[in-house]
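In what follows, a structure is listed as structure tokens, so that the remarks can point back to it.
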Amino acid sequence: MFKKIITVAALLGAGWVHAFMPQTGTWVVTSELDGKPGRGLAIDVQNDVFVLQMYAYENNGHPTFYLATGRLVDNQVSAPLMRYAGGRHLGSGPLSGQEAGNAGTAQFRFTSGVTGFVTLPGETEKAIARFNFGYPFAAPSLRGIWNFTSFGPLGLTAEVANLTVSGPATNTGNGIVASSDGLFGCEHQTSGNAAGGVLCVRLNAQGQLQRGYLFVYSVNEGEGYLLNASGSMTEQLVSVRRLTTPSTIGTGIVFKEAEQSQPDTTLLEQALSDLATQSSLQ
């Protein structure tokens, strides 16, 4: 499936870029991910400015952190890994940290927005990945409001789906999550041609397939392609965005789920009281 997504981009013309913007967040050295405390990488990229904050340990076991900044060019960046010391600590007054040495050059090359490799000073190249600690590959992770935008030879289309209803698992997935009207639903695919991705379908009122989406996602962002009414892949790329978490908390910058006001239950209370004293209930 992943190769197909790349192929679709190639079919849409030479104007498409082939660079990856690493997803902002916590990254880990995949070979060191064992459930125990270890090293971690906080990566942020804005335009082509790459910033790394790394927490690690000294050779005596004491914790420390490093900062590296550089320019991301052709999915790669090299930057000095600077150590700092003497800054403000918990409960202290104003203190300014000072550079405490250059540990050497850190080199990164990214193979997608969520995967890549790092070569740290004195070490061999190691695989790294965006750490997903909040959304397991399971049906409940799909709950919430999602936006689907497709673009390509067929033009620009967009729709929003609110997935709130849990359903059974299909033969190739691990559980459907659907809209309240039952006309839009998604499922993580665990086997078959779409294994490792998420498959969504939109039905019309008669229960016929209108279109489908097949995509991969990390946390709140997804990418894939559009399926037509016959279930065939189109050349339409799809950008997917999670607008709310499964608990309806907004994932954007400003907008949030509307707060529910407390209803006036005076009339309900009166009606319940009246019914409870009806002689016919004796």
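Scheme for the structure tokens: letters A, B, ... for chains in order shown; per-chain residue numbers from 1; ligand numbers from 1 in order shown.
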
Note to self: List the spatial neighbours of Asp44 (chain A) as a PyMOL selection string - criterion: any atom at most 9 Å away, only C-alpha atoms, same-chain residues fewer than 3 positions off excluded.
What the structure shows: chain A and resi 22-25+49-53

Write the residues of the selection above to a file with N, CA and C atoms, as a compact mmCIF listing (two decimals), in the first residue's frame.
# COMPACT_ATOMS: atom_id res chain seq x y z
N PRO A 22 9.71 16.32 8.86
CA PRO A 22 9.56 15.46 10.03
C PRO A 22 8.45 15.96 10.94
N GLN A 23 7.64 15.05 11.42
CA GLN A 23 6.53 15.43 12.27
C GLN A 23 7.04 15.89 13.64
N THR A 24 6.54 17.03 14.07
CA THR A 24 6.94 17.57 15.36
C THR A 24 6.50 16.67 16.49
N GLY A 25 7.39 16.46 17.46
CA GLY A 25 7.01 15.67 18.61
C GLY A 25 8.18 14.89 19.19
N VAL A 49 13.98 25.16 9.14
CA VAL A 49 14.77 25.29 10.37
C VAL A 49 14.50 24.08 11.27
N PHE A 50 15.55 23.31 11.51
CA PHE A 50 15.48 22.09 12.30
C PHE A 50 15.99 22.36 13.71
N VAL A 51 15.23 21.94 14.72
CA VAL A 51 15.63 22.10 16.11
C VAL A 51 15.48 20.76 16.81
N LEU A 52 16.55 20.35 17.48
CA LEU A 52 16.55 19.09 18.23
C LEU A 52 16.86 19.38 19.69
N GLN A 53 16.05 18.84 20.58
CA GLN A 53 16.38 18.78 22.00
C GLN A 53 16.50 17.31 22.37

Pick out the residues sitting within 8 Å of Gly167 (chain A), and hand them over as a list in words; count only C-alpha atoms, and ignore anything fewer than 3 positions along from it in its own chain.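 The residues satisfying every condition are Gly175, Ile176, Val177 and Ala178 of chain A.
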
Quiz prompt | Residue neighbourhood Gly40 (chain A), 8 Å, only C-alpha atoms, exclusion window fewer than 5 positions, as a PyMOL selection string | solution = chain A and resi 26-29+54-56

Quiz item: Near region 154-162 of chain A, within 7 Å and counting only C-alpha atoms, which residues show up once chain neighbours fewer than 2 positions away are dropped, as an NGL selection string?
Solution: :A and (144-152 or 164 or 179 or 236)

Since we have the selection now, will you write its residues out, keeping all heavy atoms, as an mmCIF file, in the first residue's frame?
data_model
loop_
_atom_site.group_PDB
_atom_site.id
_atom_site.type_symbol
_atom_site.label_atom_id
_atom_site.label_comp_id
_atom_site.auth_asym_id
_atom_site.auth_seq_id
_atom_site.Cartn_x
_atom_site.Cartn_y
_atom_site.Cartn_z
ATOM 1 N N GLY A 144 -13.820 10.216 16.991
ATOM 2 C CA GLY A 144 -13.598 11.649 16.905
ATOM 3 C C GLY A 144 -14.019 12.189 15.557
ATOM 4 O O GLY A 144 -14.559 11.473 14.707
ATOM 5 N N ILE A 145 -13.764 13.480 15.353
ATOM 6 C CA ILE A 145 -14.121 14.146 14.098
ATOM 7 C C ILE A 145 -12.890 14.194 13.207
ATOM 8 O O ILE A 145 -11.812 14.600 13.642
ATOM 9 C CB ILE A 145 -14.645 15.565 14.364
ATOM 10 C CG1 ILE A 145 -15.883 15.511 15.270
ATOM 11 C CG2 ILE A 145 -14.990 16.269 13.057
ATOM 12 C CD1 ILE A 145 -16.412 16.869 15.684
ATOM 13 N N TRP A 146 -13.068 13.780 11.952
ATOM 14 C CA TRP A 146 -11.978 13.730 10.977
ATOM 15 C C TRP A 146 -12.347 14.552 9.742
ATOM 16 O O TRP A 146 -13.508 14.600 9.339
ATOM 17 C CB TRP A 146 -11.713 12.301 10.535
ATOM 18 C CG TRP A 146 -11.186 11.389 11.597
ATOM 19 C CD1 TRP A 146 -11.906 10.762 12.586
ATOM 20 C CD2 TRP A 146 -9.828 10.977 11.783
ATOM 21 N NE1 TRP A 146 -11.089 9.999 13.368
ATOM 22 C CE2 TRP A 146 -9.799 10.099 12.895
ATOM 23 C CE3 TRP A 146 -8.637 11.256 11.115
ATOM 24 C CZ2 TRP A 146 -8.629 9.511 13.348
ATOM 25 C CZ3 TRP A 146 -7.463 10.669 11.572
ATOM 26 C CH2 TRP A 146 -7.465 9.812 12.679
ATOM 27 N N ASN A 147 -11.346 15.174 9.157
ATOM 28 C CA ASN A 147 -11.522 15.887 7.897
ATOM 29 C C ASN A 147 -10.735 15.172 6.803
ATOM 30 O O ASN A 147 -9.573 14.822 6.981
ATOM 31 C CB ASN A 147 -11.011 17.326 8.022
ATOM 32 C CG ASN A 147 -11.153 18.090 6.719
ATOM 33 O OD1 ASN A 147 -12.238 18.484 6.316
ATOM 34 N ND2 ASN A 147 -10.035 18.298 6.045
ATOM 35 N N PHE A 148 -11.383 14.952 5.652
ATOM 36 C CA PHE A 148 -10.770 14.292 4.505
ATOM 37 C C PHE A 148 -10.783 15.253 3.321
ATOM 38 O O PHE A 148 -11.848 15.693 2.888
ATOM 39 C CB PHE A 148 -11.555 13.027 4.129
ATOM 40 C CG PHE A 148 -11.623 11.999 5.221
ATOM 41 C CD1 PHE A 148 -12.565 12.113 6.237
ATOM 42 C CD2 PHE A 148 -10.765 10.916 5.239
ATOM 43 C CE1 PHE A 148 -12.640 11.168 7.250
ATOM 44 C CE2 PHE A 148 -10.822 9.962 6.243
ATOM 45 C CZ PHE A 148 -11.773 10.090 7.253
ATOM 46 N N THR A 149 -9.616 15.584 2.816
ATOM 47 C CA THR A 149 -9.501 16.466 1.664
ATOM 48 C C THR A 149 -8.745 15.735 0.569
ATOM 49 O O THR A 149 -7.615 15.290 0.775
ATOM 50 C CB THR A 149 -8.750 17.755 2.017
ATOM 51 O OG1 THR A 149 -9.417 18.415 3.099
ATOM 52 C CG2 THR A 149 -8.693 18.684 0.815
ATOM 53 N N SER A 150 -9.381 15.607 -0.606
ATOM 54 C CA SER A 150 -8.714 14.959 -1.738
ATOM 55 C C SER A 150 -8.452 15.987 -2.828
ATOM 56 O O SER A 150 -9.239 16.923 -3.023
ATOM 57 C CB SER A 150 -9.569 13.805 -2.286
ATOM 58 O OG SER A 150 -10.663 14.287 -3.036
ATOM 59 N N PHE A 151 -7.348 15.793 -3.529
ATOM 60 C CA PHE A 151 -6.992 16.724 -4.591
ATOM 61 C C PHE A 151 -6.210 15.979 -5.655
ATOM 62 O O PHE A 151 -5.487 15.023 -5.386
ATOM 63 C CB PHE A 151 -6.179 17.901 -4.046
ATOM 64 C CG PHE A 151 -5.005 17.494 -3.192
ATOM 65 C CD1 PHE A 151 -3.735 17.401 -3.732
ATOM 66 C CD2 PHE A 151 -5.182 17.196 -1.853
ATOM 67 C CE1 PHE A 151 -2.655 17.015 -2.954
ATOM 68 C CE2 PHE A 151 -4.100 16.813 -1.061
ATOM 69 C CZ PHE A 151 -2.834 16.721 -1.621
ATOM 70 N N GLY A 152 -6.409 16.417 -6.903
ATOM 71 C CA GLY A 152 -5.752 15.761 -8.025
ATOM 72 C C GLY A 152 -6.522 16.003 -9.306
ATOM 73 O O GLY A 152 -7.210 17.017 -9.454
ATOM 74 N N THR A 164 -18.444 7.939 16.003
ATOM 75 C CA THR A 164 -18.862 7.818 17.402
ATOM 76 C C THR A 164 -19.375 6.439 17.781
ATOM 77 O O THR A 164 -19.490 6.129 18.964
ATOM 78 C CB THR A 164 -19.985 8.827 17.701
ATOM 79 O OG1 THR A 164 -21.104 8.568 16.830
ATOM 80 C CG2 THR A 164 -19.513 10.260 17.478
ATOM 81 N N SER A 179 -20.140 6.671 11.831
ATOM 82 C CA SER A 179 -20.941 7.848 12.154
ATOM 83 C C SER A 179 -22.289 7.393 12.699
ATOM 84 O O SER A 179 -22.696 6.239 12.519
ATOM 85 C CB SER A 179 -21.137 8.717 10.911
ATOM 86 O OG SER A 179 -21.746 7.956 9.869
ATOM 87 N N GLN A 236 -6.340 10.533 -6.983
ATOM 88 C CA GLN A 236 -6.591 11.611 -6.033
ATOM 89 C C GLN A 236 -5.833 11.358 -4.733
ATOM 90 O O GLN A 236 -6.074 10.352 -4.053
ATOM 91 C CB GLN A 236 -8.081 11.708 -5.710
ATOM 92 C CG GLN A 236 -8.952 12.220 -6.841
ATOM 93 C CD GLN A 236 -8.865 13.719 -7.000
ATOM 94 O OE1 GLN A 236 -8.268 14.217 -7.945
ATOM 95 N NE2 GLN A 236 -9.473 14.446 -6.079
#

Q: Name the residues of region 32-195 of chain A that come out as strand (DSSP E or B) in a backbone DSSP run; write them as a PyMOL selection string.
A: chain A and resi 40-46+49-57+63-71+73+76-85+98-110+115-119+126-130+144-152+155-163+165-166+173+177-178+184-189

Which of region 39-202 of chain A fall in helix (DSSP H, G or I), as an mmCIF file with N, CA and C atoms, in the first residue's frame:
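For reference, result-v8.cif as written:
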data_model
loop_
_atom_site.group_PDB
_atom_site.id
_atom_site.type_symbol
_atom_site.label_atom_id
_atom_site.label_comp_id
_atom_site.auth_asym_id
_atom_site.auth_seq_id
_atom_site.Cartn_x
_atom_site.Cartn_y
_atom_site.Cartn_z
ATOM 1 N N ALA A 139 -9.421 0.080 17.303
ATOM 2 C CA ALA A 139 -10.633 0.791 16.910
ATOM 3 C C ALA A 139 -10.905 2.063 17.713
ATOM 4 N N PRO A 140 -10.773 2.064 19.054
ATOM 5 C CA PRO A 140 -11.090 3.291 19.807
ATOM 6 C C PRO A 140 -10.286 4.516 19.374
ATOM 7 N N SER A 141 -9.106 4.307 18.783
ATOM 8 C CA SER A 141 -8.274 5.429 18.353
ATOM 9 C C SER A 141 -8.901 6.201 17.198
ATOM 10 N N LEU A 142 -9.860 5.604 16.506
ATOM 11 C CA LEU A 142 -10.479 6.262 15.355
ATOM 12 C C LEU A 142 -11.671 7.139 15.745
#

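CA of Val254 (chain A) to CA of Val240 (chain A) spans 19.0 Å [interatomic distance, one decimal].
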
Using only C-alpha atoms, the best pick from A:Val219, A:Leu41, A:Glu187, A:Asp181 as closest to Asn204 (chain A) would be A:Asp181

Contact residues around region 232-234 of chain A with only C-alpha atoms at 9 Å, ignoring same-chain residues under 2 positions, as a compact mmCIF listing (two decimals) with N, CA and C atoms, in the first residue's frame:
# COMPACT_ATOMS: atom_id res chain seq x y z
N VAL A 8 1.12 7.14 -6.78
CA VAL A 8 0.10 8.13 -7.10
C VAL A 8 0.72 9.51 -7.20
N LEU A 154 -9.24 14.96 -10.41
CA LEU A 154 -10.69 15.09 -10.26
C LEU A 154 -11.09 16.38 -9.55
N GLY A 212 -14.33 5.72 -1.14
CA GLY A 212 -13.57 5.19 -0.02
C GLY A 212 -12.27 5.95 0.15
N LEU A 214 -8.21 5.25 1.72
CA LEU A 214 -7.20 4.37 2.29
C LEU A 214 -6.00 5.22 2.65
N TYR A 225 -5.00 7.87 -0.42
CA TYR A 225 -5.61 8.13 -1.70
C TYR A 225 -7.09 7.78 -1.68
N LEU A 226 -7.80 8.27 -2.67
CA LEU A 226 -9.25 8.12 -2.79
C LEU A 226 -9.59 6.89 -3.60
N LEU A 227 -10.64 6.17 -3.19
CA LEU A 227 -11.19 5.04 -3.94
C LEU A 227 -12.51 5.48 -4.55
N ASN A 228 -12.77 5.07 -5.78
CA ASN A 228 -14.02 5.47 -6.43
C ASN A 228 -15.17 4.54 -6.05
N ALA A 229 -16.33 4.77 -6.67
CA ALA A 229 -17.54 4.03 -6.31
C ALA A 229 -17.44 2.54 -6.60
N SER A 230 -16.50 2.13 -7.43
CA SER A 230 -16.31 0.70 -7.70
C SER A 230 -15.22 0.11 -6.81
N GLN A 236 -6.34 10.53 -6.98
CA GLN A 236 -6.59 11.61 -6.03
C GLN A 236 -5.83 11.36 -4.73
N LEU A 237 -4.92 12.23 -4.40
CA LEU A 237 -4.27 12.16 -3.10
C LEU A 237 -5.23 12.66 -2.03
